[in-house]
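Shown next: query_2.csv, given as CSV, N, CA and C atoms.
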```
chain,number,residue,atom,x,y,z
N,589,MET,N,96.7,122.8,177.1
N,589,MET,CA,95.6,123.4,177.7
N,589,MET,C,95.7,123.4,179.2
N,590,HIS,N,94.7,122.9,179.9
N,590,HIS,CA,94.7,122.9,181.3
N,590,HIS,C,95.7,122.0,182.0
N,591,ASN,N,96.0,120.8,181.3
N,591,ASN,CA,97.0,119.9,181.8
N,591,ASN,C,98.3,120.5,182.0
N,592,ARG,N,98.7,121.3,181.0
N,592,ARG,CA,100.0,121.9,181.1
N,592,ARG,C,100.1,123.0,182.2
N,593,PHE,N,99.0,123.7,182.4
N,593,PHE,CA,98.9,124.6,183.5
N,593,PHE,C,99.0,123.9,184.8
N,594,VAL,N,98.3,122.8,185.0
N,594,VAL,CA,98.3,122.1,186.3
N,594,VAL,C,99.6,121.5,186.5
N,595,ARG,N,100.3,121.0,185.5
N,595,ARG,CA,101.6,120.4,185.7
N,595,ARG,C,102.6,121.5,186.1
N,596,GLY,N,102.4,122.7,185.6
N,596,GLY,CA,103.2,123.9,185.9
N,596,GLY,C,103.1,124.2,187.4
N,597,ILE,N,101.8,124.2,187.9
N,597,ILE,CA,101.5,124.5,189.3
N,597,ILE,C,102.2,123.5,190.2
N,598,PHE,N,102.1,122.2,189.8
N,598,PHE,CA,102.8,121.1,190.6
N,598,PHE,C,104.3,121.4,190.7
N,599,ASN,N,104.9,121.7,189.5
N,599,ASN,CA,106.3,122.0,189.5
N,599,ASN,C,106.7,123.2,190.3
N,600,GLU,N,105.9,124.3,190.0
N,600,GLU,CA,106.2,125.6,190.7
N,600,GLU,C,106.2,125.5,192.2
N,601,TYR,N,105.3,124.8,192.7
N,601,TYR,CA,105.1,124.7,194.2
N,601,TYR,C,105.8,123.4,194.8
N,602,GLY,N,106.5,122.7,193.9
N,602,GLY,CA,107.3,121.5,194.4
N,602,GLY,C,106.4,120.4,195.0
N,603,ILE,N,105.3,120.2,194.3
N,603,ILE,CA,104.3,119.1,194.8
N,603,ILE,C,104.8,117.8,194.1
N,604,LYS,N,105.2,116.9,195.0
N,604,LYS,CA,105.7,115.6,194.5
N,604,LYS,C,104.6,114.7,194.1
N,605,GLU,N,103.5,114.6,194.9
N,605,GLU,CA,102.4,113.7,194.6
N,605,GLU,C,101.5,114.4,193.6
N,606,LYS,N,101.5,114.0,192.3
N,606,LYS,CA,100.8,114.6,191.2
N,606,LYS,C,99.3,114.2,191.2
N,607,SER,N,98.6,114.6,192.2
N,607,SER,CA,97.2,114.2,192.3
N,607,SER,C,96.5,115.4,193.1
N,608,PRO,N,95.1,115.3,193.1
N,608,PRO,CA,94.4,116.3,193.8
N,608,PRO,C,94.8,116.3,195.3
N,609,PHE,N,95.1,115.1,195.8
N,609,PHE,CA,95.5,115.0,197.2
N,609,PHE,C,96.8,115.7,197.5
N,610,GLY,N,97.7,115.6,196.6
N,610,GLY,CA,99.0,116.3,196.7
N,610,GLY,C,98.8,117.8,196.7
N,611,LEU,N,97.9,118.3,195.9
N,611,LEU,CA,97.6,119.7,195.8
N,611,LEU,C,97.0,120.1,197.1
N,612,ALA,N,96.0,119.3,197.6
N,612,ALA,CA,95.3,119.7,198.8
N,612,ALA,C,96.3,119.8,200.0
N,613,ASP,N,97.2,118.8,200.1
N,613,ASP,CA,98.2,118.8,201.2
N,613,ASP,C,99.1,120.1,201.1
N,614,LYS,N,99.5,120.5,199.9
N,614,LYS,CA,100.3,121.7,199.7
N,614,LYS,C,99.5,122.9,200.2
N,615,ILE,N,98.2,123.0,199.8
N,615,ILE,CA,97.3,124.1,200.2
N,615,ILE,C,97.3,124.3,201.7
N,616,ARG,N,97.1,123.1,202.4
N,616,ARG,CA,97.1,123.1,203.8
N,616,ARG,C,98.3,123.7,204.5
N,617,GLU,N,99.5,123.6,203.8
N,617,GLU,CA,100.7,124.1,204.3
N,617,GLU,C,100.9,125.6,204.0
N,618,MET,N,100.2,126.1,203.1
N,618,MET,CA,100.4,127.5,202.7
N,618,MET,C,99.8,128.5,203.7
N,619,ASP,N,100.4,129.7,203.7
N,619,ASP,CA,99.8,130.8,204.5
N,619,ASP,C,98.8,131.5,203.6
N,620,GLU,N,98.1,132.4,204.1
N,620,GLU,CA,97.0,133.1,203.4
N,620,GLU,C,97.4,133.8,202.1
N,621,GLU,N,98.6,134.4,202.2
N,621,GLU,CA,99.1,135.1,201.0
N,621,GLU,C,99.4,134.1,199.8
N,622,GLN,N,100.1,133.0,200.2
N,622,GLN,CA,100.4,132.0,199.2
N,622,GLN,C,99.1,131.4,198.6
N,623,TYR,N,98.1,131.2,199.5
N,623,TYR,CA,96.9,130.6,199.0
N,623,TYR,C,96.2,131.5,198.0
N,624,GLN,N,96.1,132.8,198.4
N,624,GLN,CA,95.4,133.8,197.5
N,624,GLN,C,96.1,133.9,196.2
N,625,GLU,N,97.5,133.8,196.2
N,625,GLU,CA,98.2,133.8,194.9
N,625,GLU,C,97.9,132.6,194.0
N,626,LEU,N,97.8,131.5,194.6
N,626,LEU,CA,97.5,130.2,193.9
N,626,LEU,C,96.1,130.3,193.4
N,627,LYS,N,95.2,130.8,194.2
N,627,LYS,CA,93.8,130.9,193.8
N,627,LYS,C,93.6,131.8,192.6
N,628,GLY,N,94.4,132.9,192.7
N,628,GLY,CA,94.3,133.9,191.6
N,628,GLY,C,94.8,133.3,190.3
N,629,LYS,N,95.8,132.5,190.3
N,629,LYS,CA,96.4,131.8,189.1
N,629,LYS,C,95.3,130.9,188.5
N,630,PHE,N,94.6,130.1,189.4
N,630,PHE,CA,93.6,129.2,188.9
N,630,PHE,C,92.4,130.0,188.3
N,631,LYS,N,92.0,131.1,188.9
N,631,LYS,CA,90.9,131.9,188.4
N,631,LYS,C,91.3,132.5,187.1
N,632,LYS,N,92.5,133.0,187.0
N,632,LYS,CA,92.9,133.6,185.7
N,632,LYS,C,92.9,132.6,184.6
N,633,GLU,N,93.5,131.4,184.9
N,633,GLU,CA,93.6,130.4,183.8
N,633,GLU,C,92.3,129.9,183.4
N,634,PHE,N,91.4,129.6,184.3
N,634,PHE,CA,90.1,129.0,183.9
N,634,PHE,C,89.1,130.0,183.4
N,635,ALA,N,89.2,131.2,183.9
N,635,ALA,CA,88.2,132.2,183.4
N,635,ALA,C,88.6,132.6,182.0
N,636,SER,N,89.8,132.6,181.6
N,636,SER,CA,90.2,133.0,180.3
N,636,SER,C,89.8,132.0,179.2
N,637,ARG,N,89.5,130.7,179.6
N,637,ARG,CA,89.2,129.7,178.7
N,637,ARG,C,87.7,129.2,178.7
N,638,CYS,N,86.9,129.7,179.7
N,638,CYS,CA,85.5,129.2,179.7
N,638,CYS,C,84.6,130.4,179.4
N,639,CYS,N,83.4,130.1,179.3
N,639,CYS,CA,82.3,131.2,179.1
N,639,CYS,C,82.6,131.9,177.8
N,640,ARG,N,83.0,131.2,176.7
N,640,ARG,CA,83.2,131.8,175.5
N,640,ARG,C,82.1,131.5,174.5
N,641,LYS,N,80.9,131.6,174.9
N,641,LYS,CA,79.8,131.4,174.0
N,641,LYS,C,79.5,132.8,173.4
N,642,ASP,N,79.6,132.8,172.1
N,642,ASP,CA,79.4,134.1,171.3
N,642,ASP,C,80.4,135.2,171.8
N,643,ASN,N,81.6,134.8,172.2
N,643,ASN,CA,82.6,135.7,172.6
N,643,ASN,C,82.2,136.6,173.8
N,644,THR,N,81.3,136.1,174.6
N,644,THR,CA,80.9,136.9,175.8
N,644,THR,C,81.3,136.1,177.1
N,645,CYS,N,81.4,136.7,178.2
N,645,CYS,CA,81.7,136.0,179.4
N,645,CYS,C,80.7,136.5,180.5
N,646,GLU,N,80.1,135.6,181.1
N,646,GLU,CA,79.2,136.0,182.3
N,646,GLU,C,79.9,135.5,183.5
N,647,ALA,N,79.9,136.4,184.5
N,647,ALA,CA,80.5,136.1,185.8
N,647,ALA,C,79.5,135.4,186.7
```
Just give me the structure as structure tokens.
Amino acid sequence: MHNRFVRGIFNEYGIKEKSPFGLADKIREMDEEQYQELKGKFKKEFASRCCRKDNTCEA
């Protein structure tokens, strides 16, 4: 589920410290384009798995 996704993000972006702090440090190093790409991946992953009450999704 989400753990596999998050581990993939850590590996893809070469984040050695596997914690929220390691992710935050990496985000601070990113330029705007990289940040928007990462943000899009998180939105896509988490939006696809939540809000599934009666197979509907509310934004």
Exercise for the section: Enumerate, as number ranges by chain, the protein, DNA and RNA residues whose atoms approach (95.6, 123.4, 189.3) to within 12 Å, taking into account only C-alpha atoms and the coordinate frame of the file. Expected result: N: 589-601, 603, 606-612, 614-615, 626-634
Handout entry: Computed interatomic separation between atom N of N:Ala635 and atom CA of N:Arg616 (Å)
Key =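 If I compute the distance from atom N of N:Ala635 to atom CA of N:Arg616, I get 22.9 Å.
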Can you check which residues of stretch 604-642 of chain N DSSP gives as helix (DSSP H, G or I) on the backbone and send them as a short mmCIF file (atom, residue, chain, number, x, y, z; two decimals) with N, CA and C atoms, in the frame of the given file?
```cif
data_model
loop_
_atom_site.label_atom_id
_atom_site.label_comp_id
_atom_site.auth_asym_id
_atom_site.auth_seq_id
_atom_site.Cartn_x
_atom_site.Cartn_y
_atom_site.Cartn_z
N PRO N 608 95.10 115.30 193.10
CA PRO N 608 94.40 116.30 193.80
C PRO N 608 94.80 116.30 195.30
N PHE N 609 95.10 115.10 195.80
CA PHE N 609 95.50 115.00 197.20
C PHE N 609 96.80 115.70 197.50
N GLY N 610 97.70 115.60 196.60
CA GLY N 610 99.00 116.30 196.70
C GLY N 610 98.80 117.80 196.70
N LEU N 611 97.90 118.30 195.90
CA LEU N 611 97.60 119.70 195.80
C LEU N 611 97.00 120.10 197.10
N ALA N 612 96.00 119.30 197.60
CA ALA N 612 95.30 119.70 198.80
C ALA N 612 96.30 119.80 200.00
N ASP N 613 97.20 118.80 200.10
CA ASP N 613 98.20 118.80 201.20
C ASP N 613 99.10 120.10 201.10
N LYS N 614 99.50 120.50 199.90
CA LYS N 614 100.30 121.70 199.70
C LYS N 614 99.50 122.90 200.20
N ILE N 615 98.20 123.00 199.80
CA ILE N 615 97.30 124.10 200.20
C ILE N 615 97.30 124.30 201.70
N ARG N 616 97.10 123.10 202.40
CA ARG N 616 97.10 123.10 203.80
C ARG N 616 98.30 123.70 204.50
N GLU N 617 99.50 123.60 203.80
CA GLU N 617 100.70 124.10 204.30
C GLU N 617 100.90 125.60 204.00
N GLU N 620 98.10 132.40 204.10
CA GLU N 620 97.00 133.10 203.40
C GLU N 620 97.40 133.80 202.10
N GLU N 621 98.60 134.40 202.20
CA GLU N 621 99.10 135.10 201.00
C GLU N 621 99.40 134.10 199.80
N GLN N 622 100.10 133.00 200.20
CA GLN N 622 100.40 132.00 199.20
C GLN N 622 99.10 131.40 198.60
N TYR N 623 98.10 131.20 199.50
CA TYR N 623 96.90 130.60 199.00
C TYR N 623 96.20 131.50 198.00
N GLN N 624 96.10 132.80 198.40
CA GLN N 624 95.40 133.80 197.50
C GLN N 624 96.10 133.90 196.20
N GLU N 625 97.50 133.80 196.20
CA GLU N 625 98.20 133.80 194.90
C GLU N 625 97.90 132.60 194.00
N LEU N 626 97.80 131.50 194.60
CA LEU N 626 97.50 130.20 193.90
C LEU N 626 96.10 130.30 193.40
N LYS N 627 95.20 130.80 194.20
CA LYS N 627 93.80 130.90 193.80
C LYS N 627 93.60 131.80 192.60
N GLY N 628 94.40 132.90 192.70
CA GLY N 628 94.30 133.90 191.60
C GLY N 628 94.80 133.30 190.30
N LYS N 629 95.80 132.50 190.30
CA LYS N 629 96.40 131.80 189.10
C LYS N 629 95.30 130.90 188.50
N PHE N 630 94.60 130.10 189.40
CA PHE N 630 93.60 129.20 188.90
C PHE N 630 92.40 130.00 188.30
N LYS N 631 92.00 131.10 188.90
CA LYS N 631 90.90 131.90 188.40
C LYS N 631 91.30 132.50 187.10
N LYS N 632 92.50 133.00 187.00
CA LYS N 632 92.90 133.60 185.70
C LYS N 632 92.90 132.60 184.60
N GLU N 633 93.50 131.40 184.90
CA GLU N 633 93.60 130.40 183.80
C GLU N 633 92.30 129.90 183.40
N PHE N 634 91.40 129.60 184.30
CA PHE N 634 90.10 129.00 183.90
C PHE N 634 89.10 130.00 183.40
N ALA N 635 89.20 131.20 183.90
CA ALA N 635 88.20 132.20 183.40
C ALA N 635 88.60 132.60 182.00
#
```
Handout entry: Length of the atom C of N:Lys604 to atom CA of N:Glu621 vector [Å]
Key = 22.2 Å
